[in-house]
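Novice: Pasting in a structure now, in C-alpha cells, and then I'll have a few things to ask.
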Amino acid sequence: MKVGELVHELRVDRGYDPGEIISTWTEKDLLDGKVVDAWVIIFRTRGCYWAHASGCSMCGYVNDTAVEVGDADLAHQLTSVLPRHQGQPMVKVYTSGNFFDDHELSPDSRRSILRDLGDRCDKVVVETLSHMVRREQLEDAMGHVERLEVAFGLESTNERVLRYAVNKMWGLREHARAAAMVRDVGGTVKTYLLVKPPFLTEREAIEDAVRSGHEADPHSDTISFNPVNVQRDTLVDHLFKRRQYRPPWLWSVVEVLERTRDLKAHVKSHPTAGGLRRGAHNCGTCDRRVIDAATSGPSSPGKAFIHLEGSAPGF
Ligand code: SF4
C-alpha cells in the first residue's frame, strides 16, 4: 500500500457546525524585532483539498473541518470572532487548508476576512500551499491589509522526504516561485519546515532540517521549524501507537536551531505539545529546563528562539 493510500484510510471524518470557527487564541510572536501578542484564528472551511485527496502523513487538521462551508457560514464565523480582538497588532489566519484556494474560500469571503482583520491589525499572516497562489490574488489581498505575510508548509527541501515521508508532491521549486511572487507584490514569506517526519532516524531528521533551512533561506523571511507532534488519526499516530514513531528530542530541535543561526531569515520554533509524549520531548528529567532556557530572551531579529505551547487543534 502507498503512503498516500494509508494516510487516507486512517482518517476519521466528523461532522461540525459550519458557522463556528475551529479555535482562537493569543500567542507570542515577533513583529519588527519585538515580542508582541499575535492573535490566531482558525476558520472552519471544507479543509485542505490535498487532505481530502490523499493528505500529509502528520496532518490531522482535516479532522476539524466541515464538509461544506458557504460564504454565509464564513461571514458568521467572522462576525462572531471579531469582538474577541484585544488590540493584538498581528493576526494569523488559518483555515486547516489553503487561504488562496478559491474552492475552499471564495474571493468574497477572503476579501471580507482580510479587510476586517486588516482594519484591526498591522500585520496579517495567512497560510497556503505554494502551488495554489496566483499573482492576482496576492495583489487583491495587498489592497486590504497594511502588511501581508504568506506562510507555506514546505516541510523539507528533499524530494524523497517529501514524497515518501510527508506525502507532499510540491517542493522547493514551487516554493521559490510562490515566494518570489509574494515578495514582488510587497509581502513577506514564512516557511514551515518539519523536524522529524516519519521514517527518518533522529540524526537523519536533524540533517534534513538543517539542510532544508539553508536551501529555503533565500526564499524566506522567516523560517519556523515545526517538530512533528502526533495528531490523532494520522499516519504518524498509527506508527506512534505501534511504537514505530517517536517525536523528536528537544535536543534535536536545539541542534537544528544552533546550526541555522547563520541564516538571513528569522528562525524560530513553536513545538506544539513540547515536553509531552506526543510532542518534542526529552527523557523527562530536563524537559522543563530546556524549555525555560530556550524561551528566555527571544528579542533580537535574526536570533533563533523556541517557544513552547501546550496544545493546538488537531492534537
Ligand atoms: S499539512 Fe497542509 S497540505 Fe498537508 S494535508 Fe495538512 S493542510 Fe493539507
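Naming scheme: A, B, ... for chains in displayed order of the C-alpha cells; residues 1 onward per chain; ligands 1 onward as shown.
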Please check which protein, DNA or RNA residues sit within 6 Å of ligand 1, counting only C-alpha atoms and all ligand atoms, and write them as a CSV table (one decimal) with N, CA, C and O atoms, in the first residue's frame.
Specialist:
chain,number,residue,atom,x,y,z
A,48,CYS,N,-8.4,21.4,3.6
A,48,CYS,CA,-7.4,21.3,2.6
A,48,CYS,C,-7.8,20.3,1.5
A,48,CYS,O,-8.0,19.1,1.8
A,50,TRP,N,-5.9,18.8,-0.5
A,50,TRP,CA,-4.9,17.7,-0.6
A,50,TRP,C,-5.2,16.7,0.5
A,50,TRP,O,-5.1,15.5,0.3
A,51,ALA,N,-5.7,17.2,1.7
A,51,ALA,CA,-6.1,16.3,2.7
A,51,ALA,C,-7.3,15.4,2.3
A,51,ALA,O,-7.3,14.2,2.7
A,55,GLY,N,-3.4,13.5,1.4
A,55,GLY,CA,-3.0,14.1,2.7
A,55,GLY,C,-1.6,13.8,3.2
A,55,GLY,O,-1.0,12.8,2.8
A,56,CYS,N,-1.1,14.7,4.1
A,56,CYS,CA,0.2,14.6,4.6
A,56,CYS,C,0.2,13.7,5.8
A,56,CYS,O,-0.8,13.6,6.5
A,59,CYS,N,-0.6,15.2,9.3
A,59,CYS,CA,-1.6,16.3,9.4
A,59,CYS,C,-3.0,15.8,9.8
A,59,CYS,O,-3.6,15.0,9.1
A,61,TYR,N,-5.4,18.1,10.6
A,61,TYR,CA,-6.3,19.2,10.6
A,61,TYR,C,-7.6,19.0,9.9
A,61,TYR,O,-8.6,19.5,10.1
A,96,SER,N,-7.2,25.5,8.3
A,96,SER,CA,-6.9,24.0,8.2
A,96,SER,C,-6.8,23.6,6.7
A,96,SER,O,-7.2,22.5,6.3
A,97,GLY,N,-6.4,24.5,5.9
A,97,GLY,CA,-6.2,24.3,4.5
A,97,GLY,C,-5.5,25.4,3.8
A,97,GLY,O,-4.5,25.9,4.3
Novice: Looking only at the backbone, which of the residues in segment 112-304 of chain A does DSSP tag as strand (DSSP E), as a count of residues only?
Specialist: 32
Novice: So, with only C-alpha atoms as the atoms that count, which of A:Asp64, A:Asp122, A:Asp32, A:Asp17 lies closest to Asp233 of chain A?
Specialist: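 Checking each candidate against Asp233 of chain A, we get A:Asp64 as the closest.
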Novice: I need the residue nearest Tyr49 of chain A from this list: A:Ile223, A:Val185, A:Val62, A:Leu114. Use only C-alpha atoms for the distance.
Specialist: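 Using only C-alpha atoms, Tyr49 of chain A sits closest to A:Val62.
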Novice: Glu9 of chain A: which residues within 10 Å, counting only C-alpha atoms, same-chain residues fewer than 6 positions away excluded, as a list in words?
Specialist: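 Counting only the stated atoms, we get Val3, Ser54, Asp233, Thr234 and Leu235 of chain A.
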Novice: Since we have the selection now, will you write its residues out, keeping all heavy atoms, as a short mmCIF file (atom, residue, chain, number, x, y, z; two decimals), in the first residue's frame?
Specialist:
data_model
loop_
_atom_site.label_atom_id
_atom_site.label_comp_id
_atom_site.auth_asym_id
_atom_site.auth_seq_id
_atom_site.Cartn_x
_atom_site.Cartn_y
_atom_site.Cartn_z
N VAL A 3 2.01 5.28 0.71
CA VAL A 3 1.85 6.15 1.88
C VAL A 3 0.55 6.94 1.79
O VAL A 3 -0.22 7.02 2.74
CB VAL A 3 3.07 7.12 2.00
CG1 VAL A 3 2.85 8.12 3.11
CG2 VAL A 3 4.34 6.35 2.24
N SER A 54 -5.66 12.95 -0.50
CA SER A 54 -4.66 12.00 0.00
C SER A 54 -4.20 12.45 1.37
O SER A 54 -4.64 11.92 2.38
CB SER A 54 -3.49 11.91 -0.99
OG SER A 54 -2.56 10.97 -0.54
N ASP A 233 -5.49 10.21 14.48
CA ASP A 233 -5.98 9.66 13.22
C ASP A 233 -5.12 10.07 12.02
O ASP A 233 -5.63 10.42 10.96
CB ASP A 233 -7.45 10.07 12.99
CG ASP A 233 -8.34 9.63 14.14
OD1 ASP A 233 -8.15 8.51 14.63
OD2 ASP A 233 -9.20 10.42 14.56
N THR A 234 -3.83 10.07 12.23
CA THR A 234 -2.89 10.33 11.14
C THR A 234 -1.98 9.11 10.99
O THR A 234 -1.94 8.24 11.87
CB THR A 234 -2.02 11.57 11.45
OG1 THR A 234 -1.29 11.30 12.66
CG2 THR A 234 -2.86 12.82 11.64
N LEU A 235 -1.22 9.10 9.92
CA LEU A 235 -0.25 8.01 9.76
C LEU A 235 0.77 8.03 10.89
O LEU A 235 1.17 6.98 11.41
CB LEU A 235 0.45 8.14 8.39
CG LEU A 235 1.56 7.14 8.12
CD1 LEU A 235 1.06 5.70 8.18
CD2 LEU A 235 2.22 7.41 6.77
#
Novice: Find the residue from A:Asp208, A:Glu202, A:Glu149, A:Glu174 that sits nearest to Thr188 of chain A; use only C-alpha atoms when measuring.
Specialist: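 Looking only at the distances to Thr188 of chain A, the closest residue turns out to be A:Glu149.
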Novice: Need to verify the contact set: Thr45 of chain A, 7 Å, only C-alpha atoms, exclusion of same-chain residues closer than 5 positions in sequence. Can you return it as a list in words?
Specialist: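 So, after excluding close chain neighbours, the residues are Thr65, Ala66, Val69, Thr95 and Glu104 of chain A.
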Novice: Counting only C-alpha atoms, figure out which residue out of A:Leu257, A:Ala151, A:Leu250, A:Ala53 gets nearest to Val133 of chain A.
Specialist: A:Ala151
Novice: As a list in words, please: the residues near Thr79 of chain A (cut-off 12 Å, only C-alpha atoms, same-chain neighbours under 6 positions excluded).
Specialist: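 The residues that qualify are Gly19, Glu20, Ile21, Phe43, Ala72, Asp73, His85, Ser109, Ser112, Ile113, Asp116 and Leu117 of chain A.
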Novice: Restricting the output to N, CA, C and O atoms, write the selected residues as a compact mmCIF listing (two decimals), in the first residue's frame.
Specialist:
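Saved as selection_17.txt:
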# COMPACT_ATOMS: atom_id res chain seq x y z
N GLY A 19 -20.92 27.11 10.86
CA GLY A 19 -20.93 28.53 11.25
C GLY A 19 -19.99 28.85 12.40
O GLY A 19 -19.89 30.00 12.82
N GLU A 20 -19.31 27.84 12.93
CA GLU A 20 -18.43 28.06 14.09
C GLU A 20 -16.97 27.97 13.70
O GLU A 20 -16.57 27.04 12.99
N ILE A 21 -16.17 28.91 14.22
CA ILE A 21 -14.72 28.80 13.97
C ILE A 21 -14.19 27.56 14.69
O ILE A 21 -14.84 27.04 15.60
N PHE A 43 -10.31 29.43 11.04
CA PHE A 43 -11.66 29.39 10.46
C PHE A 43 -11.97 27.96 10.01
O PHE A 43 -11.09 27.24 9.53
N ALA A 72 -22.02 32.49 3.68
CA ALA A 72 -22.81 32.94 4.84
C ALA A 72 -22.24 32.36 6.13
O ALA A 72 -22.18 33.03 7.17
N ASP A 73 -21.80 31.10 6.07
CA ASP A 73 -21.20 30.48 7.26
C ASP A 73 -19.91 31.21 7.65
O ASP A 73 -19.66 31.47 8.83
N HIS A 85 -11.14 40.57 19.42
CA HIS A 85 -9.86 41.25 19.21
C HIS A 85 -9.54 42.13 20.41
O HIS A 85 -10.38 42.91 20.84
N SER A 109 -15.30 35.91 0.44
CA SER A 109 -15.01 35.62 1.85
C SER A 109 -13.58 36.01 2.20
O SER A 109 -13.30 36.56 3.27
N SER A 112 -13.40 39.75 2.67
CA SER A 112 -14.02 40.20 3.94
C SER A 112 -13.09 39.94 5.11
O SER A 112 -12.91 40.79 5.99
N ILE A 113 -12.50 38.75 5.12
CA ILE A 113 -11.60 38.40 6.22
C ILE A 113 -10.40 39.36 6.25
O ILE A 113 -10.04 39.92 7.29
N ASP A 116 -11.56 43.08 7.24
CA ASP A 116 -11.93 43.27 8.65
C ASP A 116 -10.76 43.06 9.59
O ASP A 116 -10.64 43.74 10.62
N LEU A 117 -9.88 42.13 9.26
CA LEU A 117 -8.72 41.91 10.13
C LEU A 117 -7.63 42.95 9.84
O LEU A 117 -6.94 43.41 10.74
Novice: Point out the residue among A:Val256, A:Val228, A:Ala176, A:Val91 with the least atom-to-atom distance to Glu215 of chain A, counting only C-alpha atoms.
Specialist: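 So, comparing all the options, the nearest one is A:Ala176.
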Novice: Can you pull out every residue within 10 Å of Leu154 of chain A, counting only C-alpha atoms, but drop anything in the same chain fewer than 5 positions away, and send it as a ChimeraX atom specification?
Specialist: /A:129-130,162,168,170-172,174-175,190-194,212,216
Novice: Grab the residues selected above and save them as a PDB file, in the first residue's frame with N, CA, C and O atoms.
Specialist:
ATOM      1  N   LEU A 129      -0.818  26.388   0.372  1.00  0.00           N
ATOM      2  CA  LEU A 129       0.166  25.585  -0.371  1.00  0.00           C
ATOM      3  C   LEU A 129       0.750  26.451  -1.488  1.00  0.00           C
ATOM      4  O   LEU A 129       0.039  27.253  -2.100  1.00  0.00           O
ATOM      5  N   SER A 130       2.026  26.251  -1.772  1.00  0.00           N
ATOM      6  CA  SER A 130       2.712  27.161  -2.697  1.00  0.00           C
ATOM      7  C   SER A 130       2.135  27.143  -4.110  1.00  0.00           C
ATOM      8  O   SER A 130       2.114  28.169  -4.785  1.00  0.00           O
ATOM      9  N   LEU A 162       9.916  14.453   1.031  1.00  0.00           N
ATOM     10  CA  LEU A 162       8.568  14.977   0.762  1.00  0.00           C
ATOM     11  C   LEU A 162       7.651  13.879   0.246  1.00  0.00           C
ATOM     12  O   LEU A 162       6.523  13.714   0.707  1.00  0.00           O
ATOM     13  N   LYS A 168       3.919  14.717   0.283  1.00  0.00           N
ATOM     14  CA  LYS A 168       3.653  16.015  -0.336  1.00  0.00           C
ATOM     15  C   LYS A 168       4.354  16.037  -1.692  1.00  0.00           C
ATOM     16  O   LYS A 168       5.478  15.553  -1.800  1.00  0.00           O
ATOM     17  N   TRP A 170       4.931  18.793  -3.685  1.00  0.00           N
ATOM     18  CA  TRP A 170       5.457  20.085  -4.115  1.00  0.00           C
ATOM     19  C   TRP A 170       6.643  20.444  -3.254  1.00  0.00           C
ATOM     20  O   TRP A 170       6.612  20.279  -2.045  1.00  0.00           O
ATOM     21  N   GLY A 171       7.686  20.955  -3.880  1.00  0.00           N
ATOM     22  CA  GLY A 171       8.916  21.185  -3.129  1.00  0.00           C
ATOM     23  C   GLY A 171       9.475  22.576  -3.302  1.00  0.00           C
ATOM     24  O   GLY A 171       8.742  23.558  -3.489  1.00  0.00           O
ATOM     25  N   LEU A 172      10.805  22.645  -3.285  1.00  0.00           N
ATOM     26  CA  LEU A 172      11.496  23.933  -3.278  1.00  0.00           C
ATOM     27  C   LEU A 172      11.210  24.760  -4.537  1.00  0.00           C
ATOM     28  O   LEU A 172      11.100  25.976  -4.471  1.00  0.00           O
ATOM     29  N   GLU A 174       8.464  24.968  -6.420  1.00  0.00           N
ATOM     30  CA  GLU A 174       7.175  25.646  -6.309  1.00  0.00           C
ATOM     31  C   GLU A 174       7.236  26.719  -5.221  1.00  0.00           C
ATOM     32  O   GLU A 174       6.641  27.793  -5.349  1.00  0.00           O
ATOM     33  N   HIS A 175       7.955  26.396  -4.149  1.00  0.00           N
ATOM     34  CA  HIS A 175       8.074  27.347  -3.042  1.00  0.00           C
ATOM     35  C   HIS A 175       8.784  28.620  -3.509  1.00  0.00           C
ATOM     36  O   HIS A 175       8.347  29.742  -3.204  1.00  0.00           O
ATOM     37  N   LYS A 190       6.856  33.308   5.088  1.00  0.00           N
ATOM     38  CA  LYS A 190       7.233  32.434   6.201  1.00  0.00           C
ATOM     39  C   LYS A 190       7.257  30.998   5.676  1.00  0.00           C
ATOM     40  O   LYS A 190       6.351  30.586   4.943  1.00  0.00           O
ATOM     41  N   THR A 191       8.291  30.272   6.044  1.00  0.00           N
ATOM     42  CA  THR A 191       8.445  28.900   5.574  1.00  0.00           C
ATOM     43  C   THR A 191       8.407  27.947   6.750  1.00  0.00           C
ATOM     44  O   THR A 191       9.182  28.102   7.703  1.00  0.00           O
ATOM     45  N   TYR A 192       7.500  26.985   6.695  1.00  0.00           N
ATOM     46  CA  TYR A 192       7.466  25.955   7.730  1.00  0.00           C
ATOM     47  C   TYR A 192       8.284  24.754   7.276  1.00  0.00           C
ATOM     48  O   TYR A 192       8.110  24.254   6.153  1.00  0.00           O
ATOM     49  N   LEU A 193       9.163  24.295   8.155  1.00  0.00           N
ATOM     50  CA  LEU A 193       9.934  23.080   7.886  1.00  0.00           C
ATOM     51  C   LEU A 193       9.718  22.099   9.032  1.00  0.00           C
ATOM     52  O   LEU A 193       9.637  22.511  10.196  1.00  0.00           O
ATOM     53  N   LEU A 194       9.650  20.836   8.712  1.00  0.00           N
ATOM     54  CA  LEU A 194       9.417  19.828   9.748  1.00  0.00           C
ATOM     55  C   LEU A 194      10.719  19.384  10.389  1.00  0.00           C
ATOM     56  O   LEU A 194      11.763  19.343   9.731  1.00  0.00           O
ATOM     57  N   SER A 212      17.496  21.716   4.800  1.00  0.00           N
ATOM     58  CA  SER A 212      16.302  22.382   4.268  1.00  0.00           C
ATOM     59  C   SER A 212      16.295  23.859   4.658  1.00  0.00           C
ATOM     60  O   SER A 212      15.933  24.729   3.854  1.00  0.00           O
ATOM     61  N   ALA A 216      16.164  26.741   1.916  1.00  0.00           N
ATOM     62  CA  ALA A 216      14.957  27.577   1.856  1.00  0.00           C
ATOM     63  C   ALA A 216      15.250  29.033   2.222  1.00  0.00           C
ATOM     64  O   ALA A 216      14.439  29.924   1.957  1.00  0.00           O
TER      65      ALA A 216
END
Novice: Env of Phe99 of chain A: 7 Å cut, atoms = only C-alpha atoms, seq-sep filter 4 positions within chain, self excluded. Answer as a PyMOL selection string.
Specialist: chain A and resi 95+105+126-128
Novice: Out of segment 55-296 of chain A, which residues get helix (DSSP H, G or I) from DSSP, as a count of residues only?
Specialist: 107
Novice: Can you work out the spacing between atom CA of Asp29 of chain A and atom CA of Lys268 of chain A in Å, to one decimal?
Specialist: 9.5 Å
Novice: Kindly indicate which residue among A:Ala293, A:Leu263, A:Val36, A:Leu10 lies nearest to Gln231 of chain A, using only C-alpha atoms for the distances.
Specialist: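 Of all the options, A:Leu10 lies closest to Gln231 of chain A.
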